[in-house]
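Chemist: Sharing a structure below in structure tokens format, with a few things to ask.
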Amino acid sequence: MISDAKGEDNQPDNYTLTIALKACAGLQLLKQGEILHGVLRKNEKIGLDLFVGSALIEFYSKCGKMRDASKVFKEFEKPDVVLWTSMVSGYEQNGCFEEAVAFFSERVVEKGVDPGHVTLVSLVSACAKLSNLKLGRSVHGFVIRRGFENELCLVNALLNLYAKTGFVKAAEILFRRMAGKDVVSWSSMIGCYSHNGHAVEALRLFNDMINKGVQPNAVTVVSALQACAVACDLGEGQRIHELATKEGFDVEVSVSTALIDMYMKCLSPNEAVNVFKKMPRKDVVSWAALLSGYSQAGMAYKSIGVFRDMLSSGIQPDAVSMVKILASSSELGILRQAVCLHGYISRSGFDSNAFVEASLVELYSKCGNLDYAVKVFEGSIDKDVVLWSAMIAGYGIHGQGGESLKLFEQMVKSSAARPNNVTFLSMLSACSHAGLVSQGIEIFHMMVNEYGLNPSSEHYGIVVDLLGRTGELDKAMEIINQMPIPVEPHVWGALLSACRIHHNLEIGELATKNLLHLDTNHAGYYILLSNMYAVDGKWGNVEKVRTLIKEKGLKKMFGQSMVEISNEVHSFVADDKFHPECEKIYELLRQLEVIMRLQLEQLYGIFEAPLSFKIT
DNA sequence: TTAGGGTTAG
């Protein structure tokens, strides 16, 4: 229409151009929109209209061209609220959260412009994405002062801010006080509970919503499914699956992916595969959910198979799927495969991702090559807590507790990374493996007194293990008695193992009594106790424990070991009934290597060099 | 204005 326009009478007016620009924005038609902008520049009569200006800004921001949007904005001497709101939301929608906040502050603080509630929605969203609770709360204060408390979109955005920053109490209060709630408010609150680990509350609220007759949407269902995954609640998950199917939400990729994740976390891999197979369209996230599920379930072989199938169906892996495949590989501990994956990663450009780096350090540590782990660690430009913790743990696995301690000191003194709960777990475990009792206890006190961290049951378990290994059973008992949190089975288990090593039947029986009380189904604990009786020749008691194992229907898993000798994998099994799987695993890894090589060749040309990564 | 799969220990 524009290009055919001849003569002034046929020229489009502001109204027409605004609509045309909005259409280009919606369809992301960059070229056509730019032509419209050209027409505008030529026609002085309609050049600087605020309506057209905001349409232009919106168009450029939808096409990801914030520089051009900014140029348009600067052409206006007297921009109105709508115009600069388009800029704030443009930055926010393009993931430039800092810029959104900066642009807002510049207008409000320096130029004294009064923002409207629509502007604040984008600002609050930017705060949520940046996890900037401080700024978000001051915006909340402003919202109250300006009387915007009944603007639904704005309150929903604030709800989301508190959800993302883990401020569950504030979200609850806001949600309770909301006069009108829409499906977004309900979904946000359910999501808030799920993301912050309050699965029971999330599911209670979801059912509450249904009972009140509020119609859920696909987003609500995704949040509720996440809650089922967190709570390992298969029954509820299946009910929500039925509901999703009935409402037709299951055709959405996000819902199917959440279903796969839920089934995997509820230990039902077959159900997860069924959902996956039915998906008409699968993307890298849905593949990764399956891969991640197998990896977390300890089914490394399956996980690697999924990765192979993903590559051969032409899906490009992303950082998340790489992290998961590295985790599965570290379970197999085959160095050749680690080197091969490292080669693939560095050639695909994932090697500067912090998550990937930490997983590589873990992988090389678990494959027994600490030197390679150190090379990856040292090669990282921006070391975060996770990378430091992974390297500390790496030394720990190899019994080099002294190195772990040194690295910890270096981390505290010369980096911006602050140790967290997992760093201390790695430290304690390193001390335990190396028999560094006093240092371990010191670390434990440091964690509480200097860093103000609350030790979890896992931390206590390692401290008990640490004391127990060197025979300080009374001190271990004292630690357990002073625990301010419930004593979980693995803590008693650590004590029991120590009793087995140092042959203390009295404390061993006490530990077992507590384990029985907690109704654990870990066969290993009972076998430990039975062995202790056997050493003393107390065969009557051995018989009693063995009967108990049978009554509970417990089975001890048989172990299988694999050893890599000059690129060949050999397997040893504890029982003849188990067929060695190593042939199959080796074949799978070979196939994977071929596919990775093919993919790299297609993407970047032919490689003369072997895929296996050489570390110099 | 809400949304799917991630890192470190054992």
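Convention: chains lettered A, B, ... in structure tokens order; per-chain residue numbering from 1; ligands numbered from 1 as shown.
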Report as a ChimeraX atom specification the set of chain A residues whose atoms approach chain B to within 8 Å, with distances computed over only C-alpha atoms (C1' of nucleotides).

Modeler: /A:121,152-154,156-157,160,184-185,187-188,218-220,222-223,253-258,261,285-289,292,319-321,323-324,354-356,358-359,385-390,393,422-423,425-426,429

Chemist: How about saving the chosen residues, N, CA and C atoms kept, as a short mmCIF file (atom, residue, chain, number, x, y, z; two decimals), in the first residue's frame?

Modeler:
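The result, written out as part_0.cif:
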data_model
loop_
_atom_site.label_atom_id
_atom_site.label_comp_id
_atom_site.auth_asym_id
_atom_site.auth_seq_id
_atom_site.Cartn_x
_atom_site.Cartn_y
_atom_site.Cartn_z
N VAL A 121 5.11 -1.47 35.98
CA VAL A 121 5.03 -2.92 35.74
C VAL A 121 6.35 -3.42 35.15
N LEU A 152 -4.16 -4.33 38.93
CA LEU A 152 -3.92 -5.78 38.96
C LEU A 152 -2.58 -6.19 38.36
N CYS A 153 -2.27 -5.66 37.15
CA CYS A 153 -1.00 -6.03 36.50
C CYS A 153 0.20 -5.69 37.38
N LEU A 154 0.11 -4.53 38.00
CA LEU A 154 1.22 -4.06 38.83
C LEU A 154 1.38 -4.91 40.08
N ASN A 156 0.38 -7.98 40.42
CA ASN A 156 0.87 -9.28 39.96
C ASN A 156 2.37 -9.25 39.74
N ALA A 157 2.86 -8.15 39.18
CA ALA A 157 4.30 -8.01 38.94
C ALA A 157 5.05 -8.00 40.27
N ASN A 160 5.23 -11.44 41.68
CA ASN A 160 6.29 -12.17 40.97
C ASN A 160 7.67 -11.79 41.49
N VAL A 184 -3.46 -15.05 36.64
CA VAL A 184 -2.02 -14.75 36.76
C VAL A 184 -1.64 -14.66 38.24
N SER A 185 -2.48 -14.02 39.05
CA SER A 185 -2.19 -13.91 40.49
C SER A 185 -2.09 -15.30 41.12
N SER A 187 -1.57 -18.22 39.60
CA SER A 187 -0.42 -18.96 39.05
C SER A 187 0.88 -18.47 39.67
N SER A 188 1.00 -17.15 39.84
CA SER A 188 2.23 -16.59 40.40
C SER A 188 2.43 -17.08 41.83
N ALA A 218 -2.38 -23.01 31.16
CA ALA A 218 -1.19 -23.88 31.02
C ALA A 218 -0.10 -23.51 32.02
N VAL A 219 0.04 -22.22 32.30
CA VAL A 219 1.09 -21.76 33.23
C VAL A 219 0.80 -22.28 34.64
N THR A 220 -0.49 -22.21 35.04
CA THR A 220 -0.86 -22.70 36.37
C THR A 220 -0.50 -24.17 36.50
N VAL A 222 1.73 -25.90 34.86
CA VAL A 222 3.19 -26.08 34.92
C VAL A 222 3.69 -25.88 36.37
N SER A 223 3.22 -24.80 37.01
CA SER A 223 3.65 -24.51 38.38
C SER A 223 3.20 -25.61 39.34
N VAL A 253 4.25 -27.42 24.60
CA VAL A 253 5.56 -28.02 24.87
C VAL A 253 5.94 -27.83 26.34
N SER A 254 5.64 -26.65 26.89
CA SER A 254 6.03 -26.39 28.28
C SER A 254 5.32 -27.34 29.25
N VAL A 255 4.04 -27.63 28.98
CA VAL A 255 3.29 -28.52 29.87
C VAL A 255 3.84 -29.95 29.77
N SER A 256 4.06 -30.42 28.54
CA SER A 256 4.61 -31.77 28.36
C SER A 256 5.97 -31.90 29.04
N THR A 257 6.77 -30.85 28.91
CA THR A 257 8.11 -30.88 29.51
C THR A 257 8.01 -30.94 31.04
N ALA A 258 7.08 -30.16 31.59
CA ALA A 258 6.88 -30.18 33.04
C ALA A 258 6.39 -31.57 33.47
N ASP A 261 9.39 -33.95 33.49
CA ASP A 261 10.19 -33.64 34.67
C ASP A 261 9.54 -34.22 35.93
N VAL A 285 14.69 -28.29 25.21
CA VAL A 285 14.31 -28.34 26.63
C VAL A 285 13.62 -29.66 26.97
N SER A 286 12.73 -30.13 26.09
CA SER A 286 12.05 -31.39 26.39
C SER A 286 13.04 -32.56 26.36
N TRP A 287 13.97 -32.53 25.41
CA TRP A 287 15.01 -33.57 25.38
C TRP A 287 15.83 -33.52 26.68
N ALA A 288 16.17 -32.29 27.09
CA ALA A 288 17.01 -32.13 28.28
C ALA A 288 16.29 -32.62 29.55
N ALA A 289 14.96 -32.48 29.58
CA ALA A 289 14.20 -32.93 30.75
C ALA A 289 14.34 -34.44 30.91
N SER A 292 18.05 -35.23 31.78
CA SER A 292 18.29 -34.83 33.16
C SER A 292 17.65 -35.82 34.14
N ALA A 319 23.64 -25.40 26.84
CA ALA A 319 24.49 -25.55 28.03
C ALA A 319 23.85 -26.50 29.06
N VAL A 320 22.54 -26.41 29.23
CA VAL A 320 21.87 -27.25 30.24
C VAL A 320 22.02 -28.73 29.90
N SER A 321 21.77 -29.09 28.65
CA SER A 321 21.86 -30.50 28.29
C SER A 321 23.32 -30.97 28.38
N VAL A 323 25.53 -29.88 30.58
CA VAL A 323 25.78 -30.07 32.01
C VAL A 323 25.28 -31.44 32.47
N LYS A 324 24.10 -31.81 31.99
CA LYS A 324 23.51 -33.08 32.41
C LYS A 324 24.26 -34.28 31.86
N ALA A 354 29.65 -20.94 33.09
CA ALA A 354 30.05 -21.27 34.46
C ALA A 354 29.56 -22.65 34.90
N PHE A 355 28.33 -22.99 34.50
CA PHE A 355 27.76 -24.29 34.88
C PHE A 355 28.55 -25.42 34.23
N VAL A 356 28.87 -25.23 32.96
CA VAL A 356 29.61 -26.25 32.21
C VAL A 356 31.02 -26.43 32.80
N ALA A 358 32.07 -25.91 35.86
CA ALA A 358 32.01 -26.63 37.14
C ALA A 358 31.77 -28.11 36.91
N SER A 359 30.92 -28.44 35.93
CA SER A 359 30.63 -29.84 35.64
C SER A 359 31.85 -30.55 35.06
N VAL A 385 31.37 -19.28 43.07
CA VAL A 385 31.39 -20.19 44.23
C VAL A 385 31.33 -21.65 43.81
N VAL A 386 30.50 -21.90 42.80
CA VAL A 386 30.29 -23.29 42.40
C VAL A 386 31.57 -23.90 41.85
N LEU A 387 32.30 -23.12 41.04
CA LEU A 387 33.54 -23.63 40.47
C LEU A 387 34.58 -23.89 41.58
N TRP A 388 34.69 -22.93 42.50
CA TRP A 388 35.61 -23.12 43.63
C TRP A 388 35.22 -24.37 44.41
N SER A 389 33.93 -24.52 44.69
CA SER A 389 33.46 -25.67 45.48
C SER A 389 33.75 -26.98 44.76
N ALA A 390 33.55 -26.96 43.43
CA ALA A 390 33.78 -28.17 42.64
C ALA A 390 35.26 -28.58 42.72
N ALA A 393 36.08 -29.90 46.16
CA ALA A 393 35.56 -31.26 46.26
C ALA A 393 36.45 -32.23 45.48
N VAL A 422 27.23 -25.64 50.24
CA VAL A 422 27.86 -26.74 49.51
C VAL A 422 29.38 -26.66 49.61
N THR A 423 29.93 -25.43 49.60
CA THR A 423 31.38 -25.28 49.78
C THR A 423 31.80 -25.96 51.09
N LEU A 425 30.17 -28.28 52.68
CA LEU A 425 30.02 -29.74 52.56
C LEU A 425 31.27 -30.34 51.91
N SER A 426 31.72 -29.68 50.84
CA SER A 426 32.92 -30.14 50.14
C SER A 426 34.11 -30.13 51.08
N SER A 429 33.78 -32.84 53.80
CA SER A 429 33.99 -34.16 53.23
C SER A 429 35.47 -34.38 52.89
#

Chemist: Could you give me, as a PyMOL selection string, the residues within 10 Å of A:Gly26, counting only C-alpha atoms (C1' of nucleotides) and dropping anything in the same chain fewer than 4 positions from it?

Modeler: chain A and resi 20-22+58-59+62-63

Chemist: Counting only C-alpha atoms (C1' of nucleotides), what is within 10 Å of stretch 113-116 of chain A, bar same-chain residues fewer than 6 positions away, as number ranges by chain?

Modeler: A: 80-82, 84-85, 104-107, 143, 146, 148

Chemist: Next, dump the selected residues to file, keeping only all heavy atoms, as a CSV table (one decimal), in the first residue's frame.

Modeler:
chain,number,residue,atom,x,y,z
A,80,ASP,N,6.2,11.9,26.1
A,80,ASP,CA,5.2,11.8,27.2
A,80,ASP,C,5.4,10.4,27.9
A,80,ASP,O,6.3,9.7,27.5
A,80,ASP,CB,3.8,11.8,26.6
A,80,ASP,CG,3.5,10.7,25.6
A,80,ASP,OD1,4.5,10.0,25.3
A,80,ASP,OD2,2.3,10.5,25.2
A,81,VAL,N,4.6,10.2,28.9
A,81,VAL,CA,4.8,9.0,29.7
A,81,VAL,C,4.7,7.7,28.9
A,81,VAL,O,5.5,6.8,29.1
A,81,VAL,CB,3.7,8.9,30.8
A,81,VAL,CG1,3.6,7.6,31.5
A,81,VAL,CG2,3.9,10.0,31.8
A,82,VAL,N,3.8,7.7,27.9
A,82,VAL,CA,3.7,6.5,27.1
A,82,VAL,C,5.0,6.2,26.3
A,82,VAL,O,5.4,5.1,26.2
A,82,VAL,CB,2.5,6.6,26.1
A,82,VAL,CG1,2.3,5.4,25.2
A,82,VAL,CG2,1.2,6.9,26.8
A,84,TRP,N,8.1,7.1,27.0
A,84,TRP,CA,9.3,6.6,27.7
A,84,TRP,C,9.0,5.3,28.4
A,84,TRP,O,9.9,4.5,28.7
A,84,TRP,CB,9.9,7.6,28.6
A,84,TRP,CG,9.2,8.1,29.8
A,84,TRP,CD1,8.3,9.1,29.9
A,84,TRP,CD2,9.4,7.6,31.1
A,84,TRP,NE1,7.9,9.2,31.2
A,84,TRP,CE2,8.6,8.3,32.0
A,84,TRP,CE3,10.2,6.6,31.7
A,84,TRP,CZ2,8.5,8.1,33.3
A,84,TRP,CZ3,10.2,6.4,33.1
A,84,TRP,CH2,9.3,7.1,33.9
A,85,THR,N,7.7,5.0,28.6
A,85,THR,CA,7.3,3.7,29.2
A,85,THR,C,7.6,2.6,28.1
A,85,THR,O,8.1,1.5,28.5
A,85,THR,CB,5.8,3.6,29.5
A,85,THR,OG1,5.5,4.6,30.5
A,85,THR,CG2,5.3,2.3,29.9
A,104,PHE,N,14.8,4.3,33.6
A,104,PHE,CA,13.7,4.7,34.5
A,104,PHE,C,14.3,5.7,35.5
A,104,PHE,O,13.7,6.8,35.7
A,104,PHE,CB,13.2,3.5,35.3
A,104,PHE,CG,12.1,3.9,36.3
A,104,PHE,CD1,10.8,3.9,35.9
A,104,PHE,CD2,12.4,4.2,37.6
A,104,PHE,CE1,9.8,4.2,36.8
A,104,PHE,CE2,11.4,4.5,38.5
A,104,PHE,CZ,10.1,4.5,38.1
A,105,SER,N,15.4,5.4,36.2
A,105,SER,CA,15.9,6.3,37.2
A,105,SER,C,16.3,7.7,36.6
A,105,SER,O,16.1,8.7,37.2
A,105,SER,CB,17.1,5.7,37.9
A,105,SER,OG,17.1,4.4,37.8
A,106,GLU,N,16.9,7.6,35.4
A,106,GLU,CA,17.3,8.8,34.8
A,106,GLU,C,16.1,9.8,34.6
A,106,GLU,O,16.1,11.0,34.9
A,106,GLU,CB,17.9,8.5,33.4
A,106,GLU,CG,18.7,9.6,32.8
A,106,GLU,CD,19.1,9.2,31.4
A,106,GLU,OE1,19.6,8.1,31.2
A,106,GLU,OE2,18.8,10.0,30.5
A,107,ARG,N,15.0,9.2,34.1
A,107,ARG,CA,13.8,10.0,33.8
A,107,ARG,C,13.2,10.5,35.1
A,107,ARG,O,12.8,11.7,35.2
A,107,ARG,CB,12.7,9.2,33.0
A,107,ARG,CG,13.2,8.6,31.7
A,107,ARG,CD,13.7,9.6,30.7
A,107,ARG,NE,12.8,10.7,30.4
A,107,ARG,CZ,13.1,11.7,29.6
A,107,ARG,NH1,14.4,11.7,29.1
A,107,ARG,NH2,12.3,12.6,29.3
A,143,VAL,N,4.3,2.6,44.9
A,143,VAL,CA,3.0,2.1,44.4
A,143,VAL,C,2.0,2.4,45.4
A,143,VAL,O,0.9,2.9,45.1
A,143,VAL,CB,3.1,0.6,44.1
A,143,VAL,CG1,1.7,0.0,43.9
A,143,VAL,CG2,4.0,0.3,42.9
A,146,ARG,N,1.4,6.2,45.7
A,146,ARG,CA,0.6,6.8,44.5
A,146,ARG,C,-0.8,6.2,44.4
A,146,ARG,O,-1.5,6.6,43.5
A,146,ARG,CB,1.4,6.5,43.3
A,146,ARG,CG,2.6,7.5,43.0
A,146,ARG,CD,2.1,8.9,42.8
A,146,ARG,NE,1.0,9.0,41.8
A,146,ARG,CZ,1.2,9.1,40.5
A,146,ARG,NH1,2.4,9.2,40.0
A,146,ARG,NH2,0.2,9.2,39.7
A,148,PHE,N,-1.6,3.1,43.6
A,148,PHE,CA,-1.8,2.2,42.5
A,148,PHE,C,-2.0,0.7,43.0
A,148,PHE,O,-1.9,-0.2,42.2
A,148,PHE,CB,-0.5,2.1,41.7
A,148,PHE,CG,-0.2,3.3,40.8
A,148,PHE,CD1,1.1,3.8,40.6
A,148,PHE,CD2,-1.3,4.0,40.2
A,148,PHE,CE1,1.3,4.9,39.8
A,148,PHE,CE2,-1.1,5.1,39.4
A,148,PHE,CZ,0.2,5.6,39.2

Chemist: Tell me which protein, DNA and RNA residues are within 9 Å of A:Ala373, counting only C-alpha atoms (C1' of nucleotides), leaving out same-chain ones fewer than 5 positions away, and put them as a list in words.

Modeler: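 Near neighbours after the sequence-gap exclusion: Leu360, Val361, Glu362, Leu363, Tyr364, Ser365, Glu378, Met391 and Gly394 of chain A.
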
Chemist: Could you take the residues named above and write them with N, CA and C atoms, as a compact mmCIF listing (two decimals), in the first residue's frame?

Modeler:
# COMPACT_ATOMS: atom_id res chain seq x y z
N LEU A 360 32.65 -29.81 34.27
CA LEU A 360 33.87 -30.39 33.71
C LEU A 360 34.88 -30.70 34.81
N VAL A 361 35.00 -29.78 35.77
CA VAL A 361 35.90 -29.99 36.90
C VAL A 361 35.48 -31.25 37.66
N GLU A 362 34.17 -31.36 37.89
CA GLU A 362 33.64 -32.54 38.59
C GLU A 362 33.92 -33.81 37.79
N LEU A 363 33.66 -33.72 36.47
CA LEU A 363 33.84 -34.89 35.60
C LEU A 363 35.29 -35.38 35.63
N TYR A 364 36.24 -34.47 35.41
CA TYR A 364 37.64 -34.88 35.40
C TYR A 364 38.07 -35.41 36.77
N SER A 365 37.57 -34.79 37.85
CA SER A 365 37.91 -35.29 39.18
C SER A 365 37.42 -36.73 39.35
N GLU A 378 41.78 -23.55 36.43
CA GLU A 378 42.68 -22.40 36.28
C GLU A 378 42.39 -21.61 35.01
N MET A 391 36.14 -27.59 42.65
CA MET A 391 37.58 -27.89 42.70
C MET A 391 37.99 -28.36 44.10
N GLY A 394 36.95 -31.77 44.33
CA GLY A 394 37.83 -32.61 43.51
C GLY A 394 39.04 -33.07 44.30

Chemist: Work out how far atom CA of A:Met66 is from atom CA of A:Val52, in Å to one decimal.

Modeler: 16.6 Å

Chemist: If you count only C-alpha atoms (C1' of nucleotides), which residues fall within 9 Å of A:Glu488, apart from same-chain ones fewer than 5 positions away, as a VMD selection string?

Modeler: chain A and resid 457 to 458 461 493 515 518

Chemist: Per DSSP on the backbone, filter stretch 358-583 of chain A down to the residues in strand (DSSP E or B) and report them as an NGL selection string.

Modeler: :A and (560-565 or 568-573)

Chemist: Please write the residues from the selection above to a file, keeping all heavy atoms, as a JSON list (two decimals), in the first residue's frame.

Modeler:
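Contents of the output file out.json:
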[["chain", "number", "residue", "atom", "x", "y", "z"],
["A", 560, "GLN", "N", 28.88, -53.15, 40.85],
["A", 560, "GLN", "CA", 29.57, -53.49, 39.61],
["A", 560, "GLN", "C", 30.65, -52.45, 39.40],
["A", 560, "GLN", "O", 30.41, -51.26, 39.53],
["A", 560, "GLN", "CB", 28.58, -53.44, 38.44],
["A", 560, "GLN", "CG", 29.25, -53.68, 37.10],
["A", 560, "GLN", "CD", 28.25, -53.82, 35.96],
["A", 560, "GLN", "OE1", 27.06, -53.88, 36.17],
["A", 560, "GLN", "NE2", 28.76, -53.86, 34.75],
["A", 561, "SER", "N", 31.84, -52.90, 39.12],
["A", 561, "SER", "CA", 32.94, -51.96, 38.93],
["A", 561, "SER", "C", 33.41, -51.98, 37.49],
["A", 561, "SER", "O", 33.38, -53.02, 36.84],
["A", 561, "SER", "CB", 34.12, -52.35, 39.82],
["A", 561, "SER", "OG", 33.68, -52.48, 41.14],
["A", 562, "MET", "N", 33.82, -50.80, 37.03],
["A", 562, "MET", "CA", 34.38, -50.73, 35.68],
["A", 562, "MET", "C", 35.78, -50.14, 35.75],
["A", 562, "MET", "O", 36.02, -49.22, 36.53],
["A", 562, "MET", "CB", 33.51, -49.86, 34.79],
["A", 562, "MET", "CG", 32.25, -50.55, 34.37],
["A", 562, "MET", "SD", 31.51, -49.75, 32.95],
["A", 562, "MET", "CE", 31.29, -48.12, 33.55],
["A", 563, "VAL", "N", 36.66, -50.68, 34.96],
["A", 563, "VAL", "CA", 38.03, -50.17, 34.94],
["A", 563, "VAL", "C", 38.41, -49.89, 33.50],
["A", 563, "VAL", "O", 38.06, -50.64, 32.59],
["A", 563, "VAL", "CB", 39.01, -51.20, 35.56],
["A", 563, "VAL", "CG1", 40.44, -50.77, 35.33],
["A", 563, "VAL", "CG2", 38.75, -51.34, 37.05],
["A", 564, "GLU", "N", 39.08, -48.76, 33.29],
["A", 564, "GLU", "CA", 39.47, -48.35, 31.95],
["A", 564, "GLU", "C", 40.97, -48.65, 31.79],
["A", 564, "GLU", "O", 41.80, -48.11, 32.52],
["A", 564, "GLU", "CB", 39.21, -46.85, 31.83],
["A", 564, "GLU", "CG", 39.16, -46.32, 30.44],
["A", 564, "GLU", "CD", 38.97, -44.80, 30.47],
["A", 564, "GLU", "OE1", 38.78, -44.24, 31.56],
["A", 564, "GLU", "OE2", 39.02, -44.19, 29.39],
["A", 565, "ILE", "N", 41.30, -49.56, 30.86],
["A", 565, "ILE", "CA", 42.71, -49.85, 30.61],
["A", 565, "ILE", "C", 42.99, -49.57, 29.14],
["A", 565, "ILE", "O", 42.41, -50.21, 28.27],
["A", 565, "ILE", "CB", 43.05, -51.32, 30.94],
["A", 565, "ILE", "CG1", 42.62, -51.66, 32.38],
["A", 565, "ILE", "CG2", 44.55, -51.59, 30.76],
["A", 565, "ILE", "CD1", 42.59, -53.13, 32.69],
["A", 568, "GLU", "N", 40.08, -49.19, 26.79],
["A", 568, "GLU", "CA", 39.14, -50.30, 26.80],
["A", 568, "GLU", "C", 38.47, -50.29, 28.17],
["A", 568, "GLU", "O", 39.13, -50.08, 29.18],
["A", 568, "GLU", "CB", 39.88, -51.63, 26.64],
["A", 568, "GLU", "CG", 40.52, -51.81, 25.27],
["A", 568, "GLU", "CD", 39.51, -52.29, 24.24],
["A", 568, "GLU", "OE1", 38.61, -53.04, 24.63],
["A", 568, "GLU", "OE2", 39.63, -51.88, 23.07],
["A", 569, "VAL", "N", 37.17, -50.54, 28.18],
["A", 569, "VAL", "CA", 36.48, -50.58, 29.47],
["A", 569, "VAL", "C", 36.25, -52.03, 29.88],
["A", 569, "VAL", "O", 35.75, -52.83, 29.10],
["A", 569, "VAL", "CB", 35.14, -49.83, 29.39],
["A", 569, "VAL", "CG1", 34.47, -49.81, 30.74],
["A", 569, "VAL", "CG2", 35.35, -48.42, 28.90],
["A", 570, "HIS", "N", 36.68, -52.36, 31.08],
["A", 570, "HIS", "CA", 36.49, -53.72, 31.59],
["A", 570, "HIS", "C", 35.59, -53.67, 32.80],
["A", 570, "HIS", "O", 35.65, -52.74, 33.58],
["A", 570, "HIS", "CB", 37.83, -54.34, 31.96],
["A", 570, "HIS", "CG", 38.78, -54.39, 30.80],
["A", 570, "HIS", "ND1", 38.91, -55.47, 29.99],
["A", 570, "HIS", "CD2", 39.60, -53.43, 30.30],
["A", 570, "HIS", "CE1", 39.81, -55.20, 29.03],
["A", 570, "HIS", "NE2", 40.22, -53.95, 29.21],
["A", 571, "SER", "N", 34.74, -54.69, 32.95],
["A", 571, "SER", "CA", 33.80, -54.64, 34.05],
["A", 571, "SER", "C", 33.95, -55.83, 34.97],
["A", 571, "SER", "O", 34.30, -56.94, 34.54],
["A", 571, "SER", "CB", 32.40, -54.57, 33.46],
["A", 571, "SER", "OG", 31.50, -55.26, 34.24],
["A", 572, "PHE", "N", 33.76, -55.58, 36.23],
["A", 572, "PHE", "CA", 33.81, -56.65, 37.23],
["A", 572, "PHE", "C", 32.51, -56.62, 38.00],
["A", 572, "PHE", "O", 32.07, -55.57, 38.45],
["A", 572, "PHE", "CB", 34.97, -56.41, 38.21],
["A", 572, "PHE", "CG", 36.30, -56.35, 37.51],
["A", 572, "PHE", "CD1", 36.81, -55.15, 37.06],
["A", 572, "PHE", "CD2", 37.01, -57.53, 37.27],
["A", 572, "PHE", "CE1", 38.03, -55.09, 36.41],
["A", 572, "PHE", "CE2", 38.23, -57.47, 36.61],
["A", 572, "PHE", "CZ", 38.75, -56.26, 36.18],
["A", 573, "VAL", "N", 31.88, -57.76, 38.14],
["A", 573, "VAL", "CA", 30.62, -57.80, 38.89],
["A", 573, "VAL", "C", 30.78, -58.69, 40.11],
["A", 573, "VAL", "O", 31.54, -59.66, 40.11],
["A", 573, "VAL", "CB", 29.43, -58.31, 38.05],
["A", 573, "VAL", "CG1", 28.63, -57.17, 37.53],
["A", 573, "VAL", "CG2", 29.90, -59.20, 36.94]]

Chemist: Kindly give the distance, in Å, that separates atom CA of A:Ser456 and atom CA of A:Pro419, rounded to a single decimal.

Modeler: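 Straight-line distance from atom CA of A:Ser456 to atom CA of A:Pro419 works out to 15.0 Å.
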
Chemist: Could you tell me how far atom CA of A:Leu203 sits from atom CA of A:Ala227, in Å to one decimal place?

Modeler: 6.6 Å

Chemist: From the set A:Gln400, A:Asn94, A:Thr16, A:Thr470, which residue has the shortest atom-to-atom contact distance to A:Cys431, counting only C-alpha atoms?

Modeler: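 Between A:Gln400, A:Asn94, A:Thr16, A:Thr470, the residue approaching A:Cys431 most closely is A:Gln400.
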
Chemist: A:Arg176: which residues within 12 Å, counting only C-alpha atoms (C1' of nucleotides), same-chain residues fewer than 2 positions away excluded, as a ChimeraX atom specification?

Modeler: /A:155,159,169-174,178-181,185-186,189,205

Chemist: Run DSSP on the backbone and grab whatever in stretch 200-249 of chain A lands in helix (DSSP H, G or I); send it over as a PyMOL selection string.

Modeler: chain A and resi 200-211+218-231+234-247+249

Chemist: Between A:Arg336, A:Arg67, A:His195, A:Lys550, single out the one closest to A:Tyr162, counting only C-alpha atoms.

Modeler: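 Residue with the minimum atom-to-atom distance to A:Tyr162: A:His195.
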
Chemist: Write out as a count of residues only the residues lying within 10 Å of stretch 499-504 of chain A, counting only C-alpha atoms (C1' of nucleotides) and excluding same-chain residues fewer than 2 positions away.

Modeler: 24
